[in-house]
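Undergrad: One structure, pasted below without further comment.
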Amino acid sequence: HGGMGLATGGGVILIVSPLTIAIAVPIWAICYIAIYKKKYSPRCVTIALPIAVVLTLLFIPVAAQVQWLLVLMTFILVVRHLPEWNRVE
């Protein structure tokens, strides 16, 4: 159930800016290990992806179209997962 939006968004970002994913995965892993609960994995993505995109935009030269795509994909994924942030199971 779920995760398809994250996978699709991650796949798009992987194609247009693989270094962003290379930055995001370790950040996500640290967050995931610190929390150590599978159900919080999307929350870790909501934290890791914006950090990775900001670092990419600041330190890695990418085309303007890629910059806009990264910002748009990040915005969509974060907004999509904010309502689930305080979900209790």
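All residue names refer to the structure tokens as shown: chains lettered A, B, ... in order, residues numbered from 1 in each chain, ligands numbered from 1 in order.
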Need the shell around Cys31 of chain A: protein/DNA/RNA residues with any atom at most 8 Å away, counting only C-alpha atoms. Skip same-chain ones fewer than 3 positions apart. Format as a PyMOL selection string?
TA: chain A and resi 27-28+34-35+44+48
Undergrad: Could you please take those selected residues and save C-alpha atoms as an mmCIF file, in the first residue's frame?
TA:
```cif
data_model
loop_
_atom_site.group_PDB
_atom_site.id
_atom_site.type_symbol
_atom_site.label_atom_id
_atom_site.label_comp_id
_atom_site.auth_asym_id
_atom_site.auth_seq_id
_atom_site.Cartn_x
_atom_site.Cartn_y
_atom_site.Cartn_z
ATOM 1 C CA ILE A 27 20.364 11.379 5.014
ATOM 2 C CA TRP A 28 17.279 9.149 4.811
ATOM 3 C CA ALA A 34 17.570 6.941 14.323
ATOM 4 C CA ILE A 35 13.803 6.385 14.336
ATOM 5 C CA CYS A 44 12.358 10.427 6.751
ATOM 6 C CA ALA A 48 15.906 14.009 3.606
#
```
Undergrad: Counting only C-alpha atoms, what is within 9 Å of segment 7-20 of chain A, bar same-chain residues fewer than 2 positions away, as number ranges by chain?
TA: A: 3-5, 22-25, 49, 52-53, 55-56, 60, 62, 66, 69-70, 73-74, 76-77
Undergrad: Could you list, as a list of chain:residue names, every residue within 12 Å of Trp85 of chain A, counting only C-alpha atoms and ignoring same-chain residues fewer than 5 positions away?
TA: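 Near Trp85 of chain A, the qualifying residues are A:Lys39, A:Tyr40, A:Ser41, A:Pro42, A:Arg43, A:Cys44, A:Val45, A:Thr46, A:Ile47, A:Val78, A:Val79, A:Arg80.
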Undergrad: Could you write out the selected residues, including C-alpha atoms, as a PDB file, in the first residue's frame?
TA:
```
ATOM      1  CA  LYS A  39       6.089   3.177   9.200  1.00  0.00           C
ATOM      2  CA  TYR A  40       8.095   6.401   9.604  1.00  0.00           C
ATOM      3  CA  SER A  41      10.119   5.913   6.420  1.00  0.00           C
ATOM      4  CA  PRO A  42       8.043   8.428   4.401  1.00  0.00           C
ATOM      5  CA  ARG A  43       8.638  10.972   7.147  1.00  0.00           C
ATOM      6  CA  CYS A  44      12.358  10.427   6.751  1.00  0.00           C
ATOM      7  CA  VAL A  45      12.001  11.070   3.010  1.00  0.00           C
ATOM      8  CA  THR A  46      10.085  14.256   3.827  1.00  0.00           C
ATOM      9  CA  ILE A  47      13.126  15.357   5.822  1.00  0.00           C
ATOM     10  CA  VAL A  78       6.506  16.954   0.930  1.00  0.00           C
ATOM     11  CA  VAL A  79       2.990  18.380   0.584  1.00  0.00           C
ATOM     12  CA  ARG A  80       1.634  14.902  -0.151  1.00  0.00           C
TER      13      ARG A  80
END
```
Undergrad: Using only C-alpha atoms, pick whichever of A:Val54, A:Ile30, A:Phe59, A:Glu84 has the shortest atom-to-atom distance to Val71 of chain A.
TA: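 Closest to Val71 of chain A of all the choices is A:Val54.
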Undergrad: Tell me, in Å to one decimal, how far atom CA of His81 of chain A is from atom CA of Ile21 of chain A.
TA: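 Rounded to one decimal, the two atoms are 18.3 Å apart.
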